[in-house]
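Reproduced below: run_9.txt, with compact mmCIF, C-alpha atoms.
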# COMPACT_ATOMS: atom_id res chain seq x y z
CA MET A 252 147.85 281.17 226.63
CA GLY A 253 148.52 277.50 226.01
CA GLY A 254 151.34 275.05 225.91
CA PHE A 255 152.82 271.76 227.03
CA ARG A 256 155.92 270.39 228.74
CA LEU A 257 157.69 267.14 227.85
CA LYS A 258 159.91 266.05 230.73
CA GLY A 259 161.98 263.17 232.01
CA ASP A 260 162.63 262.64 235.72
CA TYR A 261 165.46 260.67 237.31
CA LEU A 262 165.75 260.03 241.05
CA PHE A 263 169.52 260.32 241.73
CA ASP A 264 169.33 259.30 245.38
CA PRO A 265 166.12 257.41 246.29
CA ALA A 266 167.02 257.27 250.01
CA ARG A 267 167.27 261.09 250.20
CA ARG A 268 164.54 261.61 247.56
CA PHE A 269 166.77 263.88 245.44
CA GLY A 270 166.35 263.96 241.66
CA GLY A 271 166.73 265.80 238.39
CA GLN A 272 164.63 266.62 235.38
CA ALA A 273 165.29 267.46 231.73
CA TYR A 274 162.48 269.23 229.88
CA ILE A 275 161.30 270.89 226.69
CA GLN A 276 158.47 273.37 227.16
CA TRP A 277 156.39 275.05 224.46
CA SER A 278 154.15 278.03 225.31
CA SER A 279 152.08 280.40 223.22
CA PHE A 280 150.99 283.78 224.59
CA SER A 281 148.47 286.14 223.02
CA ALA A 282 148.69 289.92 223.25
CA GLY A 283 147.06 291.63 226.20
CA ARG A 284 144.37 294.29 225.89
CA ASN A 285 146.85 297.09 226.66
CA ASP A 286 149.66 295.77 224.43
CA VAL A 287 150.73 298.34 221.86
CA SER A 288 153.74 296.47 220.43
CA GLY A 289 151.87 295.36 217.30
CA VAL A 290 152.73 291.71 217.95
CA GLY A 291 149.64 289.51 218.16
CA SER A 292 151.24 286.54 219.89
CA LEU A 293 154.53 285.13 221.10
CA THR A 294 155.68 281.49 220.91
CA VAL A 295 158.33 280.45 223.46
CA VAL A 296 160.29 277.17 223.50
CA ASP A 297 162.45 276.32 226.55
CA PHE A 298 165.17 273.64 226.73
CA GLY A 299 166.14 273.07 230.35
CA VAL A 300 167.34 271.04 233.31
CA ALA A 301 166.16 271.17 236.92
CA LEU A 302 166.80 269.65 240.34
CA TYR A 303 164.19 268.68 242.93
CA LYS A 304 163.88 267.15 246.40
CA HIS A 305 160.85 265.41 247.88
CA PHE A 306 160.20 266.42 251.51
CA CYS A 307 157.77 263.83 252.85
CA LEU A 308 155.76 264.94 255.87
CA PHE A 309 155.01 262.90 258.99
CA GLY A 310 157.62 260.23 258.08
CA THR A 311 155.51 258.70 255.30
CA PRO A 312 155.66 259.01 251.49
CA ARG A 313 151.88 259.55 251.46
CA LEU A 314 152.17 263.37 251.67
CA CYS A 315 155.16 265.13 250.08
CA VAL A 316 156.13 268.70 249.24
CA THR A 317 158.57 269.04 246.34
CA PRO A 318 160.45 272.23 245.45
CA LEU A 319 162.06 272.30 241.99
CA GLY A 320 164.54 274.78 240.49
CA GLY A 321 166.01 274.83 237.01
CA VAL A 322 167.61 276.80 234.21
CA HIS A 323 166.82 276.87 230.51
CA LEU A 324 167.78 278.33 227.16
CA THR A 325 164.86 279.89 225.36
CA THR A 326 164.04 280.64 221.76
CA MET A 327 161.12 282.94 220.87
CA SER A 328 159.07 283.80 217.82
CA PRO A 329 156.77 286.83 217.66
CA ASP A 330 153.60 286.41 215.57
CA GLY A 331 154.32 286.65 211.88
CA ALA A 332 158.09 286.03 212.14
CA MET A 333 158.70 283.80 209.11
CA ASP A 334 161.54 283.12 206.73
CA GLU A 335 161.33 283.58 202.94
CA PHE A 336 159.78 280.08 202.58
CA GLY A 337 156.93 280.73 205.04
CA ASN A 338 158.41 278.66 207.91
CA LYS A 339 157.99 279.89 211.49
CA PHE A 340 161.17 281.67 212.51
CA PHE A 341 162.47 281.54 216.09
CA ASN A 342 164.80 284.52 216.01
CA TYR A 343 165.11 285.74 219.62
CA ASP A 344 167.20 283.92 222.24
CA ALA A 345 167.30 284.35 226.03
CA ALA A 346 168.07 282.43 229.20
CA GLY A 347 165.65 281.72 231.98
CA ALA A 348 164.87 280.00 235.24
CA ARG A 349 162.00 277.84 236.42
CA LEU A 350 160.77 277.49 240.00
CA GLU A 351 157.99 275.16 241.13
CA LEU A 352 156.46 273.89 244.33
CA ALA A 353 154.33 270.74 244.33
CA ALA A 354 152.16 269.18 247.02
CA THR A 355 151.43 265.49 246.38
CA ILE A 356 149.11 263.06 248.11
CA ALA A 357 149.86 259.42 247.24
CA PHE A 358 147.36 256.61 247.64
CA GLY A 359 147.01 252.94 246.84
CA PRO A 360 148.55 249.94 248.62
CA ARG A 361 152.08 250.85 247.45
CA TYR A 362 151.47 254.61 246.93
CA GLU A 363 151.34 253.98 243.19
CA HIS A 364 148.74 256.70 242.50
CA ALA A 365 149.09 260.38 243.26
CA PHE A 366 147.23 263.68 243.11
CA SER A 367 149.46 266.74 242.80
CA VAL A 368 148.88 270.48 242.87
CA ILE A 369 151.78 272.37 241.33
CA GLY A 370 152.45 276.11 241.26
CA GLY A 371 155.34 277.55 239.31
CA VAL A 372 156.89 280.49 237.56
CA ASN A 373 159.25 280.91 234.61
CA VAL A 374 161.40 284.04 234.42
CA TYR A 375 163.47 285.16 231.44
CA THR A 376 166.45 287.43 230.89
CA PRO A 377 166.25 290.19 228.31
CA VAL A 378 166.84 288.88 224.79
CA PHE A 379 170.57 288.46 224.13
CA ALA A 380 170.36 287.49 220.43
CA GLY A 381 167.90 288.66 217.80
CA PRO A 382 167.57 289.59 214.14
CA ALA A 383 170.02 292.02 212.61
CA ALA A 384 171.43 292.66 209.16
CA GLY A 385 173.66 289.74 208.26
CA GLY A 386 172.30 287.34 210.89
CA LEU A 387 172.27 287.13 214.67
CA PRO A 388 174.41 289.64 216.58
CA LYS A 389 177.21 288.48 218.83
CA LEU A 390 177.07 289.25 222.54
CA SER A 391 179.94 291.71 222.07
CA ASP A 392 178.12 293.72 219.37
CA SER A 393 177.06 297.18 220.45
CA THR A 394 174.15 297.14 217.99
CA LYS A 395 170.86 297.72 219.79
CA VAL A 396 168.34 295.04 218.81
CA ALA A 397 164.59 295.59 219.10
CA GLN A 398 163.59 293.35 222.00
CA PRO A 399 160.11 292.26 222.97
CA ASP A 400 159.34 292.80 226.66
CA ILE A 401 159.26 289.17 227.84
CA SER A 402 161.18 289.41 231.08
CA ALA A 403 158.66 287.58 233.25
CA TRP A 404 155.99 285.17 232.05
CA ALA A 405 154.33 282.99 234.64
CA THR A 406 152.91 279.53 234.29
CA ARG A 407 150.63 277.83 236.70
CA THR A 408 150.01 274.17 236.43
CA VAL A 409 147.58 271.89 238.15
CA SER A 410 148.04 268.28 237.23
CA ILE A 411 146.74 264.91 238.14
CA HIS A 412 149.19 262.22 237.25
CA ARG A 413 150.01 258.62 237.89
CA LEU A 414 153.35 257.86 239.51
CA ALA A 415 155.37 254.68 239.50
CA ALA A 416 155.60 253.11 242.94
CA ARG A 417 158.70 254.17 244.86
CA ARG A 418 160.08 252.34 247.83
CA SER A 419 161.67 254.36 250.61
Could the structure of this file be written out as structure tokens, please?
Amino acid sequence: MGGFRLKGDYLFDPARRFGGQAYIQWSSFSAGRNDVSGVGSLTVVDFGVALYKHFCLFGTPRLCVTPLGGVHLTTMSPDGAMDEFGNKFFNYDAAGARLELAATIAFGPRYEHAFSVIGGVNVYTPVFAGPAAGGLPKLSDSTKVAQPDISAWATRTVSIHRLAARRS
């Protein structure tokens, strides 16, 4: 398993420490030992938005707990899914949600440095669009599409990052 997340944060209300985040996340999962689907790996790309709130403990921004919740649209590509030109083909679509909880300790004269430990999970709906004769099926189609079982992948992140100084 590997991947990365490119995100942008915006603090909507600095006094209440309430903000939002837009993100693109790329993940690659390999098959498990007991997987009999015949698919060697799965690449997942999420496009999402999230909201968060910093809860600073003991009346200081030095120690904060930050829950985050978001939604995303997801496109997936099983191993070997390529078009006639050999390009990787993302041909399964789903929706999903992302939940995270971060604990951050800030240090420095203006709290401009931080160490964070972040735990999170991504959950996905069953695939609602996939390959079919003549293109992608509509939501109203009664055609049953072969769907990979990807209803709940989890990501755990531990990160050390540098934060811009924020005044309360």
Please indicate the distance in Å from atom CA of Trp277 of chain A to atom CA of Cys315 of chain A, rounded to one decimal place.
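Atom-to-atom, atom CA of Trp277 of chain A to atom CA of Cys315 of chain A, that is 27.5 Å.
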Name the residues within 10 Å of (164.7, 259.3, 248.7), counting all atoms listed in the file in the file's coordinates, and put them as a ChimeraX atom specification.
/A:262-270,304-307,312,417-419
Hey, what's within 6 Å of Ala345 of chain A if we count only C-alpha atoms and toss same-chain stuff fewer than 4 positions away? As number ranges by chain, please?
A: 325, 376, 378-379
I'd like the neighbourhood of Val295 of chain A as a list in words, where a residue qualifies if any of its atoms comes within 10 Å (using all atoms listed in the file), though same-chain residues fewer than 4 positions away should be ignored.
Gly254, Gln276, Trp277, Ser278, Ser279, Phe280, Thr325, Thr326, Met327, Ser328, Pro329, Phe341, Tyr343, Asp344 and Ile401 of chain A
For a cutoff of 10 Å around the file-coordinate point (145.1, 260.4, 245.5), which residues qualify once you count only C-alpha atoms? I'd like the result as a PDB file with C-alpha atoms, in the frame of the given file.
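Output file selection-v9.pdb is given in full below:
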ATOM      1  CA  ARG A 313     151.880 259.550 251.460  1.00  0.00           C
ATOM      2  CA  LEU A 314     152.170 263.370 251.670  1.00  0.00           C
ATOM      3  CA  THR A 355     151.430 265.490 246.380  1.00  0.00           C
ATOM      4  CA  ILE A 356     149.110 263.060 248.110  1.00  0.00           C
ATOM      5  CA  ALA A 357     149.860 259.420 247.240  1.00  0.00           C
ATOM      6  CA  PHE A 358     147.360 256.610 247.640  1.00  0.00           C
ATOM      7  CA  GLY A 359     147.010 252.940 246.840  1.00  0.00           C
ATOM      8  CA  TYR A 362     151.470 254.610 246.930  1.00  0.00           C
ATOM      9  CA  GLU A 363     151.340 253.980 243.190  1.00  0.00           C
ATOM     10  CA  HIS A 364     148.740 256.700 242.500  1.00  0.00           C
ATOM     11  CA  ALA A 365     149.090 260.380 243.260  1.00  0.00           C
ATOM     12  CA  PHE A 366     147.230 263.680 243.110  1.00  0.00           C
ATOM     13  CA  SER A 367     149.460 266.740 242.800  1.00  0.00           C
ATOM     14  CA  ILE A 411     146.740 264.910 238.140  1.00  0.00           C
ATOM     15  CA  HIS A 412     149.190 262.220 237.250  1.00  0.00           C
ATOM     16  CA  ARG A 413     150.010 258.620 237.890  1.00  0.00           C
TER      17      ARG A 413
END
Do a neighbour search on Leu352 of chain A at 6 Å with only C-alpha atoms, toss out local chain neighbours closer than 4 positions, and write the hits as a compact mmCIF listing (two decimals) with C-alpha atoms, in the coordinates of the input.
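Result file follows (out_31.txt):
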# COMPACT_ATOMS: atom_id res chain seq x y z
CA THR A 317 158.57 269.04 246.34
CA PRO A 318 160.45 272.23 245.45
CA ILE A 369 151.78 272.37 241.33
CA GLY A 370 152.45 276.11 241.26
Just checking: using all atoms listed in the file, which residue out of A:Ala301, A:Leu257, A:Val316, A:Ala380 ends up closest to Ala348 of chain A?
A:Ala301
At a cut-off of 12 Å, using all atoms listed in the file, what residues contact Lys258 of chain A? Leave out same-chain residues fewer than 5 positions from it and give the result as a list in words.
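So the residues in contact are Gly271, Gln272, Ala273, Tyr274, Ile275, Gln276, Trp277, Asp297, Phe298, Gly299, Val300 and Ala301 of chain A.
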